[in-house]
>>> print(open('data.cif').read())   # mmCIF, C-alpha atoms
data_my_file
#
loop_
_atom_site.group_PDB
_atom_site.id
_atom_site.type_symbol
_atom_site.label_atom_id
_atom_site.label_comp_id
_atom_site.auth_asym_id
_atom_site.auth_seq_id
_atom_site.Cartn_x
_atom_site.Cartn_y
_atom_site.Cartn_z
ATOM 1 C CA MET F 1 -61.161 17.836 -65.177
ATOM 2 C CA SER F 2 -58.436 20.323 -64.493
ATOM 3 C CA TRP F 3 -55.138 20.000 -62.682
ATOM 4 C CA GLU F 4 -56.102 22.795 -60.303
ATOM 5 C CA ALA F 5 -59.323 21.085 -59.247
ATOM 6 C CA ALA F 6 -57.983 17.528 -59.288
ATOM 7 C CA ARG F 7 -58.448 15.625 -56.053
ATOM 8 C CA VAL F 8 -56.295 12.616 -57.003
ATOM 9 C CA ILE F 9 -53.076 13.108 -58.955
ATOM 10 C CA ASP F 10 -50.970 10.055 -59.717
ATOM 11 C CA PHE F 11 -47.267 10.811 -60.079
ATOM 12 C CA HIS F 12 -46.029 7.293 -60.815
ATOM 13 C CA ALA F 13 -47.317 5.975 -64.120
ATOM 14 C CA HIS F 14 -45.284 4.793 -67.054
ATOM 15 C CA VAL F 15 -46.116 5.066 -70.710
ATOM 16 C CA VAL F 16 -45.043 2.867 -73.611
ATOM 17 C CA LEU F 17 -45.242 4.556 -76.986
ATOM 18 C CA GLU F 18 -45.655 2.493 -80.156
ATOM 19 C CA GLU F 19 -43.983 5.159 -82.241
ATOM 20 C CA THR F 20 -40.749 4.798 -80.247
ATOM 21 C CA PHE F 21 -40.201 1.158 -81.151
ATOM 22 C CA GLY F 22 -37.045 0.857 -83.151
ATOM 23 C CA ALA F 23 -36.051 4.459 -82.425
ATOM 24 C CA ALA F 24 -32.940 3.271 -80.590
ATOM 25 C CA GLY F 25 -31.662 1.314 -83.586
ATOM 26 C CA GLU F 26 -30.329 -2.106 -82.682
ATOM 27 C CA HIS F 27 -31.427 -1.526 -79.071
ATOM 28 C CA GLY F 28 -35.044 -1.372 -80.186
ATOM 29 C CA PRO F 29 -37.060 -1.158 -78.125
ATOM 30 C CA ASP F 30 -39.428 -3.643 -79.654
ATOM 31 C CA LEU F 31 -42.533 -5.580 -78.782
ATOM 32 C CA THR F 32 -42.882 -8.930 -80.510
ATOM 33 C CA VAL F 33 -44.362 -12.337 -79.836
ATOM 34 C CA ALA F 34 -42.123 -14.998 -78.315
ATOM 35 C CA GLU F 35 -42.160 -18.666 -79.333
ATOM 36 C CA ASP F 36 -44.667 -19.467 -76.613
ATOM 37 C CA GLY F 37 -47.099 -16.923 -77.965
ATOM 38 C CA ARG F 38 -46.613 -14.457 -75.130
ATOM 39 C CA PRO F 39 -45.577 -10.854 -75.731
ATOM 40 C CA LEU F 40 -41.874 -10.112 -75.526
ATOM 41 C CA PHE F 41 -40.599 -6.592 -74.832
ATOM 42 C CA ARG F 42 -36.935 -5.898 -75.537
ATOM 43 C CA ALA F 43 -34.774 -2.841 -74.799
ATOM 44 C CA GLY F 44 -31.103 -3.416 -75.597
ATOM 45 C CA GLY F 45 -30.112 -6.621 -73.796
ATOM 46 C CA TYR F 46 -33.078 -6.500 -71.451
ATOM 47 C CA ARG F 47 -36.073 -8.727 -72.038
ATOM 48 C CA LEU F 48 -39.470 -8.670 -70.368
ATOM 49 C CA HIS F 49 -41.758 -11.631 -71.015
ATOM 50 C CA GLY F 50 -45.490 -11.872 -70.903
ATOM 51 C CA VAL F 51 -46.504 -8.273 -70.207
ATOM 52 C CA ARG F 52 -49.436 -7.280 -72.399
ATOM 53 C CA TYR F 53 -48.612 -3.720 -73.290
ATOM 54 C CA ARG F 54 -50.749 -3.402 -76.438
ATOM 55 C CA GLY F 55 -54.362 -2.623 -75.649
ATOM 56 C CA SER F 56 -53.395 -1.810 -72.061
ATOM 57 C CA PRO F 57 -53.251 1.570 -70.366
ATOM 58 C CA PHE F 58 -49.492 1.598 -71.075
ATOM 59 C CA MET F 59 -50.061 1.988 -74.773
ATOM 60 C CA ASP F 60 -53.706 2.961 -75.277
ATOM 61 C CA ALA F 61 -54.748 6.382 -74.009
ATOM 62 C CA GLU F 62 -58.486 5.699 -74.089
ATOM 63 C CA VAL F 63 -57.984 2.492 -72.107
ATOM 64 C CA ARG F 64 -55.807 4.469 -69.674
ATOM 65 C CA LEU F 65 -58.400 7.187 -69.145
ATOM 66 C CA ALA F 66 -61.211 4.668 -68.637
ATOM 67 C CA ALA F 67 -59.085 2.840 -66.078
ATOM 68 C CA MET F 68 -58.238 6.130 -64.365
ATOM 69 C CA ASP F 69 -61.973 6.919 -64.176
ATOM 70 C CA ARG F 70 -62.669 3.543 -62.547
ATOM 71 C CA ALA F 71 -59.851 4.121 -60.062
ATOM 72 C CA GLY F 72 -60.955 7.661 -59.295
ATOM 73 C CA ILE F 73 -57.692 9.163 -60.584
ATOM 74 C CA ASP F 74 -58.271 12.640 -61.955
ATOM 75 C CA CYS F 75 -54.844 13.385 -63.358
ATOM 76 C CA GLN F 76 -51.711 11.433 -64.088
ATOM 77 C CA VAL F 77 -48.106 12.358 -64.750
ATOM 78 C CA LEU F 78 -46.599 10.011 -67.337
ATOM 79 C CA SER F 79 -42.941 9.052 -67.142
ATOM 80 C CA PRO F 80 -40.831 6.993 -69.535
ATOM 81 C CA ASN F 81 -41.009 3.203 -69.111
ATOM 82 C CA PRO F 82 -37.880 2.463 -67.080
ATOM 83 C CA MET G 1 -30.764 10.895 -78.258
ATOM 84 C CA ALA G 2 -32.849 9.884 -81.255
ATOM 85 C CA PHE G 3 -34.957 7.658 -79.028
ATOM 86 C CA CYS G 4 -35.504 10.423 -76.485
ATOM 87 C CA ARG G 5 -36.449 12.987 -79.104
ATOM 88 C CA ARG G 6 -38.958 10.629 -80.675
ATOM 89 C CA HIS G 7 -40.293 9.615 -77.238
ATOM 90 C CA ASN G 8 -40.781 13.208 -76.184
ATOM 91 C CA ASP G 9 -42.376 14.283 -79.471
ATOM 92 C CA VAL G 10 -44.870 11.412 -79.253
ATOM 93 C CA LEU G 11 -45.542 11.874 -75.540
ATOM 94 C CA ALA G 12 -46.144 15.593 -76.039
ATOM 95 C CA ALA G 13 -48.667 14.858 -78.799
ATOM 96 C CA LEU G 14 -50.412 12.391 -76.497
ATOM 97 C CA VAL G 15 -50.757 14.718 -73.516
ATOM 98 C CA ARG G 16 -51.855 17.548 -75.797
ATOM 99 C CA ARG G 17 -54.931 15.463 -76.612
ATOM 100 C CA TYR G 18 -55.880 15.193 -72.930
ATOM 101 C CA PRO G 19 -54.451 18.285 -71.272
ATOM 102 C CA GLY G 20 -56.771 18.295 -68.285
ATOM 103 C CA ARG G 21 -55.939 14.724 -67.349
ATOM 104 C CA LEU G 22 -52.472 13.729 -68.540
ATOM 105 C CA ALA G 23 -49.067 15.357 -68.374
ATOM 106 C CA GLY G 24 -45.692 14.078 -69.475
ATOM 107 C CA LEU G 25 -42.147 13.855 -68.144
ATOM 108 C CA ALA G 26 -39.389 13.791 -70.740
ATOM 109 C CA ALA G 27 -37.004 10.938 -71.419
ATOM 110 C CA LEU G 28 -33.436 12.256 -71.491
ATOM 111 C CA PRO G 29 -30.129 10.918 -72.844
ATOM 112 C CA MET G 30 -28.326 10.954 -69.517
ATOM 113 C CA GLN G 31 -25.218 9.405 -71.097
ATOM 114 C CA SER G 32 -24.515 12.974 -72.157
ATOM 115 C CA PRO G 33 -25.526 15.578 -69.556
ATOM 116 C CA ALA G 34 -25.137 18.389 -72.078
ATOM 117 C CA ALA G 35 -27.436 16.676 -74.564
ATOM 118 C CA ALA G 36 -29.843 15.915 -71.724
ATOM 119 C CA ALA G 37 -30.029 19.594 -70.762
ATOM 120 C CA GLU G 38 -30.631 20.565 -74.379
ATOM 121 C CA GLU G 39 -33.410 17.999 -74.776
ATOM 122 C CA LEU G 40 -34.945 19.058 -71.451
ATOM 123 C CA ARG G 41 -35.079 22.673 -72.640
ATOM 124 C CA ARG G 42 -36.728 21.532 -75.875
ATOM 125 C CA ALA G 43 -39.138 19.199 -74.112
ATOM 126 C CA VAL G 44 -40.279 21.801 -71.601
ATOM 127 C CA GLY G 45 -39.957 24.946 -73.699
ATOM 128 C CA GLU G 46 -41.207 23.730 -77.066
ATOM 129 C CA LEU G 47 -43.127 20.516 -76.475
ATOM 130 C CA GLY G 48 -44.986 21.407 -73.310
ATOM 131 C CA LEU G 49 -43.744 18.536 -71.154
ATOM 132 C CA TRP G 50 -43.709 19.206 -67.431
ATOM 133 C CA GLY G 51 -40.329 17.868 -66.293
ATOM 134 C CA ALA G 52 -38.175 14.789 -66.763
ATOM 135 C CA GLY G 53 -38.080 11.171 -65.628
ATOM 136 C CA ILE G 54 -34.603 9.712 -65.405
ATOM 137 C CA GLY G 55 -33.000 6.590 -63.999
ATOM 138 C CA THR G 56 -30.820 6.275 -60.934
ATOM 139 C CA GLU G 57 -27.854 4.526 -62.584
ATOM 140 C CA PHE G 58 -26.809 5.808 -65.976
ATOM 141 C CA GLY G 59 -23.035 5.764 -65.878
ATOM 142 C CA THR G 60 -22.453 9.099 -64.151
ATOM 143 C CA ARG G 61 -22.769 9.285 -60.389
ATOM 144 C CA LEU G 62 -25.660 11.514 -59.316
ATOM 145 C CA ASP G 63 -23.314 13.841 -57.399
ATOM 146 C CA SER G 64 -20.824 14.242 -60.236
ATOM 147 C CA PRO G 65 -19.955 17.851 -61.099
ATOM 148 C CA ALA G 66 -20.629 16.794 -64.704
ATOM 149 C CA LEU G 67 -24.343 16.942 -63.865
ATOM 150 C CA ASP G 68 -24.352 20.387 -62.244
ATOM 151 C CA ASP G 69 -25.217 22.270 -65.438
ATOM 152 C CA PHE G 70 -28.021 19.809 -66.089
ATOM 153 C CA TYR G 71 -29.400 20.226 -62.555
ATOM 154 C CA ARG G 72 -29.165 23.999 -62.914
ATOM 155 C CA CYS G 73 -31.076 23.793 -66.177
ATOM 156 C CA CYS G 74 -33.816 21.807 -64.484
ATOM 157 C CA ALA G 75 -34.010 24.279 -61.595
ATOM 158 C CA THR G 76 -34.086 27.262 -63.964
ATOM 159 C CA LEU G 77 -36.886 25.689 -65.958
ATOM 160 C CA ASP G 78 -38.638 25.213 -62.602
ATOM 161 C CA VAL G 79 -39.681 21.647 -63.364
ATOM 162 C CA PRO G 80 -39.451 18.474 -61.285
ATOM 163 C CA LEU G 81 -36.857 15.772 -61.862
ATOM 164 C CA TYR G 82 -38.290 12.333 -61.150
ATOM 165 C CA LEU G 83 -35.811 9.545 -60.392
ATOM 166 C CA HIS G 84 -37.019 6.017 -60.997
ATOM 167 C CA PRO G 85 -34.682 3.005 -61.344
ATOM 168 C CA ALA G 86 -34.498 0.826 -64.423
ATOM 169 C CA PRO G 87 -33.999 -2.931 -64.079
ATOM 170 C CA ALA G 88 -30.258 -3.546 -63.856
ATOM 171 C CA GLY G 89 -28.511 -3.989 -67.163
ATOM 172 C CA ILE G 90 -30.506 -1.491 -69.219
ATOM 173 C CA ASP G 91 -28.698 1.788 -68.508
ATOM 174 C CA GLY G 92 -26.104 0.614 -66.043
ATOM 175 C CA PRO G 93 -24.157 -2.460 -65.001
ATOM 176 C CA ALA G 94 -25.739 -5.912 -65.215
ATOM 177 C CA ALA G 95 -27.539 -7.205 -62.144
ATOM 178 C CA PHE G 96 -25.652 -8.554 -59.196
ATOM 179 C CA PRO G 97 -26.386 -12.294 -59.742
ATOM 180 C CA PRO G 98 -28.486 -12.883 -56.595
ATOM 181 C CA LEU G 99 -30.979 -10.373 -57.952
ATOM 182 C CA SER G 100 -31.734 -12.365 -61.034
ATOM 183 C CA HIS G 101 -34.420 -14.583 -59.515
ATOM 184 C CA TYR G 102 -37.783 -13.924 -57.909
ATOM 185 C CA ASP G 103 -37.823 -10.430 -59.442
ATOM 186 C CA LEU G 104 -35.441 -9.406 -56.687
ATOM 187 C CA ASP G 105 -34.042 -6.848 -59.107
ATOM 188 C CA LEU G 106 -37.422 -5.079 -58.999
ATOM 189 C CA LEU G 107 -37.968 -5.523 -55.301
ATOM 190 C CA ILE G 108 -34.631 -4.924 -53.605
ATOM 191 C CA GLY G 109 -32.645 -3.846 -56.675
ATOM 192 C CA PHE G 110 -34.910 -0.847 -57.123
ATOM 193 C CA ALA G 111 -34.966 -0.070 -53.411
ATOM 194 C CA ALA G 112 -31.172 -0.244 -53.357
ATOM 195 C CA GLN G 113 -30.859 2.096 -56.342
ATOM 196 C CA GLU G 114 -33.317 4.537 -54.763
ATOM 197 C CA THR G 115 -31.604 4.472 -51.355
ATOM 198 C CA ILE G 116 -28.185 4.883 -52.972
ATOM 199 C CA ALA G 117 -29.569 7.772 -55.030
ATOM 200 C CA VAL G 118 -30.872 9.545 -51.924
ATOM 201 C CA GLY G 119 -27.594 9.022 -50.083
ATOM 202 C CA THR G 120 -25.516 10.185 -53.040
ATOM 203 C CA LEU G 121 -27.638 13.280 -53.668
ATOM 204 C CA ILE G 122 -27.305 14.322 -50.026
ATOM 205 C CA TYR G 123 -23.744 13.259 -49.201
ATOM 206 C CA GLY G 124 -22.548 14.500 -52.570
ATOM 207 C CA GLY G 125 -23.945 17.981 -51.969
ATOM 208 C CA VAL G 126 -26.463 18.033 -54.827
ATOM 209 C CA VAL G 127 -29.239 19.163 -52.486
ATOM 210 C CA ASP G 128 -26.951 21.952 -51.201
ATOM 211 C CA ARG G 129 -25.706 23.108 -54.600
ATOM 212 C CA HIS G 130 -29.205 23.177 -56.116
ATOM 213 C CA PRO G 131 -31.607 24.419 -53.439
ATOM 214 C CA ASP G 132 -34.314 25.248 -55.986
ATOM 215 C CA LEU G 133 -34.224 21.852 -57.688
ATOM 216 C CA ARG G 134 -37.255 19.634 -57.003
ATOM 217 C CA LEU G 135 -36.036 16.020 -56.976
ATOM 218 C CA CYS G 136 -38.599 13.234 -56.517
ATOM 219 C CA VAL G 137 -37.508 9.657 -55.839
ATOM 220 C CA SER G 138 -39.825 6.717 -56.526
ATOM 221 C CA HIS G 139 -41.083 4.073 -54.124
ATOM 222 C CA GLY G 140 -40.672 6.235 -51.051
ATOM 223 C CA GLY G 141 -36.936 6.565 -51.626
ATOM 224 C CA GLY G 142 -36.348 2.852 -51.304
ATOM 225 C CA ALA G 143 -35.304 1.921 -47.792
ATOM 226 C CA ILE G 144 -34.256 5.398 -46.696
ATOM 227 C CA ALA G 145 -37.068 5.774 -44.158
ATOM 228 C CA LEU G 146 -35.801 2.719 -42.309
ATOM 229 C CA LEU G 147 -32.122 3.596 -42.735
ATOM 230 C CA ALA G 148 -32.260 7.344 -42.121
ATOM 231 C CA GLY G 149 -30.686 6.891 -38.696
ATOM 232 C CA ARG G 150 -27.665 5.075 -40.100
ATOM 233 C CA PHE G 151 -27.275 7.544 -42.922
ATOM 234 C CA SER G 152 -27.391 10.410 -40.403
ATOM 235 C CA GLU G 153 -24.749 8.711 -38.290
ATOM 236 C CA ALA G 154 -22.433 8.399 -41.262
ATOM 237 C CA ALA G 155 -22.917 12.065 -42.140
ATOM 238 C CA ALA G 156 -21.839 12.987 -38.630
ATOM 239 C CA LYS G 157 -18.860 10.684 -38.340
ATOM 240 C CA ARG G 158 -17.414 9.341 -41.547
ATOM 241 C CA PRO G 159 -14.162 10.840 -42.845
ATOM 242 C CA TRP G 160 -15.584 11.897 -46.233
ATOM 243 C CA ALA G 161 -18.371 13.984 -44.640
ATOM 244 C CA SER G 162 -18.127 17.710 -45.270
ATOM 245 C CA ALA G 163 -18.300 20.236 -42.444
ATOM 246 C CA GLU G 164 -21.901 20.978 -43.389
ATOM 247 C CA LEU G 165 -22.871 17.307 -43.162
ATOM 248 C CA ARG G 166 -21.306 17.001 -39.696
ATOM 249 C CA GLU G 167 -23.675 19.571 -38.230
ATOM 250 C CA PRO G 168 -26.343 17.966 -36.004
ATOM 251 C CA GLY G 169 -29.452 17.144 -38.006
ATOM 252 C CA ALA G 170 -27.713 17.906 -41.316
ATOM 253 C CA PHE G 171 -28.687 14.685 -43.062
ATOM 254 C CA MET G 172 -32.345 14.840 -42.022
ATOM 255 C CA GLN G 173 -32.629 18.495 -43.043
ATOM 256 C CA ARG G 174 -31.444 17.595 -46.510
ATOM 257 C CA LEU G 175 -33.632 14.493 -46.652
ATOM 258 C CA GLN G 176 -36.530 16.819 -45.958
ATOM 259 C CA LYS G 177 -35.805 18.742 -49.154
ATOM 260 C CA LEU G 178 -36.426 15.681 -51.343
ATOM 261 C CA TRP G 179 -39.782 14.512 -52.659
ATOM 262 C CA PHE G 180 -41.032 10.918 -52.698
ATOM 263 C CA ASP G 181 -43.879 9.001 -54.232
ATOM 264 C CA ASN G 182 -45.713 6.769 -51.787
ATOM 265 C CA HIS G 183 -45.878 3.582 -53.837
ATOM 266 C CA VAL G 184 -44.644 1.153 -51.175
ATOM 267 C CA HIS G 185 -47.707 -1.061 -50.581
ATOM 268 C CA SER G 186 -47.619 -0.544 -46.870
ATOM 269 C CA ASP G 187 -49.353 2.070 -44.761
ATOM 270 C CA ASP G 188 -46.814 1.386 -42.029
ATOM 271 C CA ALA G 189 -43.935 2.100 -44.400
ATOM 272 C CA VAL G 190 -45.529 5.337 -45.575
ATOM 273 C CA GLU G 191 -46.142 6.304 -41.967
ATOM 274 C CA LEU G 192 -42.480 5.766 -41.172
ATOM 275 C CA LEU G 193 -41.508 7.867 -44.171
ATOM 276 C CA GLU G 194 -43.878 10.624 -43.048
ATOM 277 C CA LYS G 195 -42.306 10.526 -39.579
ATOM 278 C CA GLN G 196 -38.871 11.083 -41.148
ATOM 279 C CA VAL G 197 -39.708 13.743 -43.723
ATOM 280 C CA GLY G 198 -43.157 15.079 -42.914
ATOM 281 C CA ARG G 199 -45.952 14.930 -45.455
ATOM 282 C CA GLU G 200 -45.365 18.081 -47.508
ATOM 283 C CA ARG G 201 -43.283 16.380 -50.170
ATOM 284 C CA LEU G 202 -45.069 13.058 -50.538
ATOM 285 C CA VAL G 203 -47.048 12.426 -53.706
ATOM 286 C CA LEU G 204 -49.344 9.626 -54.743
ATOM 287 C CA GLY G 205 -47.844 6.967 -56.992
ATOM 288 C CA THR G 206 -49.568 3.872 -58.332
ATOM 289 C CA ASN G 207 -47.320 2.444 -61.074
ATOM 290 C CA PHE G 208 -50.572 2.482 -62.988
ATOM 291 C CA ALA G 209 -51.470 -0.741 -64.818
ATOM 292 C CA GLY G 210 -48.236 -2.297 -63.584
ATOM 293 C CA TRP G 211 -47.797 -5.724 -62.039
ATOM 294 C CA ASP G 212 -48.401 -4.371 -58.542
ATOM 295 C CA GLN G 213 -51.964 -3.057 -58.796
ATOM 296 C CA PRO G 214 -54.807 -3.925 -56.412
ATOM 297 C CA ALA G 215 -56.895 -6.622 -58.094
ATOM 298 C CA SER G 216 -60.285 -5.212 -57.147
ATOM 299 C CA GLY G 217 -59.819 -1.970 -59.022
ATOM 300 C CA GLY G 218 -62.111 0.045 -56.848
ATOM 301 C CA LYS G 219 -61.745 3.778 -56.340
ATOM 302 C CA LEU G 220 -58.553 4.917 -54.696
ATOM 303 C CA GLU G 221 -58.783 6.662 -51.358
ATOM 304 C CA ALA G 222 -56.295 9.486 -51.346
ATOM 305 C CA PRO G 223 -56.356 12.573 -49.142
ATOM 306 C CA LEU G 224 -56.455 15.931 -50.866
ATOM 307 C CA TRP G 225 -53.103 16.992 -49.477
ATOM 308 C CA LEU G 226 -51.401 14.431 -51.741
ATOM 309 C CA ALA G 227 -52.875 16.206 -54.774
ATOM 310 C CA ASP G 228 -51.901 19.599 -53.338
ATOM 311 C CA ASN G 229 -48.349 18.270 -52.951
ATOM 312 C CA ALA G 230 -48.334 17.012 -56.534
ATOM 313 C CA ARG G 231 -49.375 20.455 -57.725
ATOM 314 C CA ARG G 232 -46.489 22.022 -55.782
ATOM 315 C CA LEU G 233 -44.060 19.443 -57.118
ATOM 316 C CA LEU G 234 -45.176 20.191 -60.659
ATOM 317 C CA GLY G 235 -44.997 23.919 -59.955
ATOM 318 C CA ARG G 236 -46.959 25.022 -63.009
ATOM 319 C CA LYS G 237 -47.728 28.704 -63.332
ATOM 320 C CA ASP G 238 -50.316 27.991 -66.014
ATOM 321 C CA TRP G 239 -52.605 25.108 -65.117
ATOM 322 C CA MET G 240 -54.734 23.357 -67.730
#
>>> encode(input="data.cif", output="structure tokens")
Amino acid sequence: MSWEAARVIDFHAHVVLEETFGAAGEHGPDLTVAEDGRPLFRAGGYRLHGVRYRGSPFMDAEVRLAAMDRAGIDCQVLSPNP
Amino acid sequence: MAFCRRHNDVLAALVRRYPGRLAGLAALPMQSPAAAAEELRRAVGELGLWGAGIGTEFGTRLDSPALDDFYRCCATLDVPLYLHPAPAGIDGPAAFPPLSHYDLDLLIGFAAQETIAVGTLIYGGVVDRHPDLRLCVSHGGGAIALLAGRFSEAAAKRPWASAELREPGAFMQRLQKLWFDNHVHSDDAVELLEKQVGRERLVLGTNFAGWDQPASGGKLEAPLWLADNARRLLGRKDWM
């Protein structure tokens, strides 16, 4: 696929990068497991419960591309996770 | 800054593995516009990222003169600047308490940030000062399609409005310089947005893999002009 020939380009897609965890010092971000066994994502004082990032298109490129294929999305522009 | 540098290094490595399918927008340390401009130059010039994705509330108002050098940098690099809110409390002030239940911070909080961003960019003269800057606001610009009439009225009549803003049609002309993604879950809402701004600067947005995806996961139907618009928004001279 090429960007010039793409028929479907998705401009709103966020990416979560394992290698950035902890890169903001005490603000994290980090992805751990909460007491109830669900994933817990933290960035500074913000907490997001229960979103499975690992193994999802957010964090796994091959999973992302397979999902894009199923959805008929040729190309995607990745922006930082807000 | 350390976070942004690491983010952009890693993102660049990722998109380099799949150049014909994925591209990246840089994370920037907007707490310091000068540092943000420097990191944008590095991200675009050295890492091969295709623009930046920033928030709508990061401590400096979007129309502050402190951001003009940063906006100029973006325009000179000829890359898009994508504005997408963060949940309240991450980069900016903590959420207004009524937003803290039912994910109202994602639903109306985001729409409020986006609408405020559009208003600030236009009323504050950012669109006028940076005519070559391509600014894209998420979720159809929040509620701006519905509120464009009120925002136009204020531009014509409120005491803070500049002479340029008081000209008939001034607000709508400037609104029609902005770009928007169409992730609003409503054909009617997108149609209203198209009526206000035309379709030339609308791009497809899915919030891919996010909480708000269609369950069936069938193939998206998207007209070709949305992809053509995305190409113009990206503005690459050297396509992969």
>>> residues_around(input="data.cif", residues="Ala13 (chain F)", least_positions_apart="5", cutoff="10 Å", atoms="only C-alpha atoms", output="ChimeraX atom specification")
/F:57-58,76-81 /G:24,205-210
>>> atom_distance(input="data.cif", atom1="CA of Ile54 (chain G)", atom2="CA of Ala27 (chain G)")
6.6 Å
>>> closest_atom_pairs(input="data.cif", of="chain F", to="chain G", cutoff="6 Å", atoms="only C-alpha atoms", output="tab-separated table")
residue	atom	partner	partner_atom	distance
F:Met1	CA	G:Gly20	CA	5.4
F:Ser2	CA	G:Gly20	CA	4.6
F:Arg7	CA	G:Leu224	CA	5.6
F:Val8	CA	G:Ala227	CA	5.4
F:Ile9	CA	G:Ala227	CA	5.2
F:Asp10	CA	G:Gly205	CA	5.2
F:Phe11	CA	G:Gly205	CA	5.0
F:His12	CA	G:Gly205	CA	4.2
F:Ala13	CA	G:Asn207	CA	4.7
F:Thr20	CA	G:His7	CA	5.7
F:Ala23	CA	G:Phe3	CA	4.8
F:Ala24	CA	G:Phe3	CA	5.1
F:Ala71	CA	G:Lys219	CA	4.2
F:Gly72	CA	G:Lys219	CA	4.9
F:Cys75	CA	G:Arg21	CA	4.3
F:Gln76	CA	G:Leu22	CA	5.1
F:Val77	CA	G:Ala23	CA	4.8
F:Leu78	CA	G:Gly24	CA	4.7
F:Ser79	CA	G:Leu25	CA	5.0
F:Pro80	CA	G:Ala27	CA	5.8
F:Pro82	CA	G:Ala86	CA	4.6
>>> write_last_selection(input="data.cif", atoms="C-alpha atoms", output="PDB file, in the coordinates of the input")
ATOM      1  CA  MET F   1     -61.161  17.836 -65.177  1.00  0.00           C
ATOM      2  CA  SER F   2     -58.436  20.323 -64.493  1.00  0.00           C
ATOM      3  CA  ARG F   7     -58.448  15.625 -56.053  1.00  0.00           C
ATOM      4  CA  VAL F   8     -56.295  12.616 -57.003  1.00  0.00           C
ATOM      5  CA  ILE F   9     -53.076  13.108 -58.955  1.00  0.00           C
ATOM      6  CA  ASP F  10     -50.970  10.055 -59.717  1.00  0.00           C
ATOM      7  CA  PHE F  11     -47.267  10.811 -60.079  1.00  0.00           C
ATOM      8  CA  HIS F  12     -46.029   7.293 -60.815  1.00  0.00           C
ATOM      9  CA  ALA F  13     -47.317   5.975 -64.120  1.00  0.00           C
ATOM     10  CA  THR F  20     -40.749   4.798 -80.247  1.00  0.00           C
ATOM     11  CA  ALA F  23     -36.051   4.459 -82.425  1.00  0.00           C
ATOM     12  CA  ALA F  24     -32.940   3.271 -80.590  1.00  0.00           C
ATOM     13  CA  ALA F  71     -59.851   4.121 -60.062  1.00  0.00           C
ATOM     14  CA  GLY F  72     -60.955   7.661 -59.295  1.00  0.00           C
ATOM     15  CA  CYS F  75     -54.844  13.385 -63.358  1.00  0.00           C
ATOM     16  CA  GLN F  76     -51.711  11.433 -64.088  1.00  0.00           C
ATOM     17  CA  VAL F  77     -48.106  12.358 -64.750  1.00  0.00           C
ATOM     18  CA  LEU F  78     -46.599  10.011 -67.337  1.00  0.00           C
ATOM     19  CA  SER F  79     -42.941   9.052 -67.142  1.00  0.00           C
ATOM     20  CA  PRO F  80     -40.831   6.993 -69.535  1.00  0.00           C
ATOM     21  CA  PRO F  82     -37.880   2.463 -67.080  1.00  0.00           C
TER      22      PRO F  82
END
>>> resolve_selection(input="data.cif", expression="the PyMOL selection byres ((chain F and resi 42) around 9)", output="VMD selection string")
chain F and resid 27 to 32 40 to 41 43 to 49
>>> residues_around(input="data.cif", residues="Ser64 (chain G)", least_positions_apart="2", cutoff="10 Å", atoms="all atoms listed in the file", output="PyMOL selection string")
chain G and resi 60-62+66-68+120-121+124-126
>>> residues_around(input="data.cif", residues="region 144-148 of chain G", least_positions_apart="2", cutoff="12 Å", atoms="all atoms listed in the file", output="NGL selection string")
:G and (111-120 or 122 or 137-142 or 150-155 or 169-176 or 178 or 180 or 182 or 184 or 188-198)
>>> atom_distance(input="data.cif", atom1="CA of Arg52 (chain F)", atom2="CA of Glu26 (chain F)")
22.3 Å
>>> residues_around(input="data.cif", residues="Leu99 (chain G)", least_positions_apart="6", cutoff="9 Å", atoms="all atoms listed in the file", output="PyMOL selection string")
chain G and resi 105-109
>>> atom_distance(input="data.cif", atom1="CA of Gln213 (chain G)", atom2="CA of Pro39 (chain F)")
19.7 Å
>>> closest_residue(input="data.cif", among="F:Arg38, F:Gly25, F:Ile73, F:Glu4", to="Arg54 (chain F)", atoms="all atoms listed in the file")
F:Arg38
>>> residues_around(input="data.cif", residues="Cys74 (chain G)", least_positions_apart="5", cutoff="9 Å", atoms="all atoms listed in the file", output="list in words")
Ala37, Leu40, Arg41, Gly51, Ala52, Asp69, Val79, Pro80, Leu81, Leu133 and Arg134 of chain G
>>> write_last_selection(input="data.cif", atoms="C-alpha atoms", output="compact mmCIF listing (two decimals), in the frame of the given file")
# COMPACT_ATOMS: atom_id res chain seq x y z
CA ALA G 37 -30.03 19.59 -70.76
CA LEU G 40 -34.94 19.06 -71.45
CA ARG G 41 -35.08 22.67 -72.64
CA GLY G 51 -40.33 17.87 -66.29
CA ALA G 52 -38.17 14.79 -66.76
CA ASP G 69 -25.22 22.27 -65.44
CA VAL G 79 -39.68 21.65 -63.36
CA PRO G 80 -39.45 18.47 -61.28
CA LEU G 81 -36.86 15.77 -61.86
CA LEU G 133 -34.22 21.85 -57.69
CA ARG G 134 -37.26 19.63 -57.00
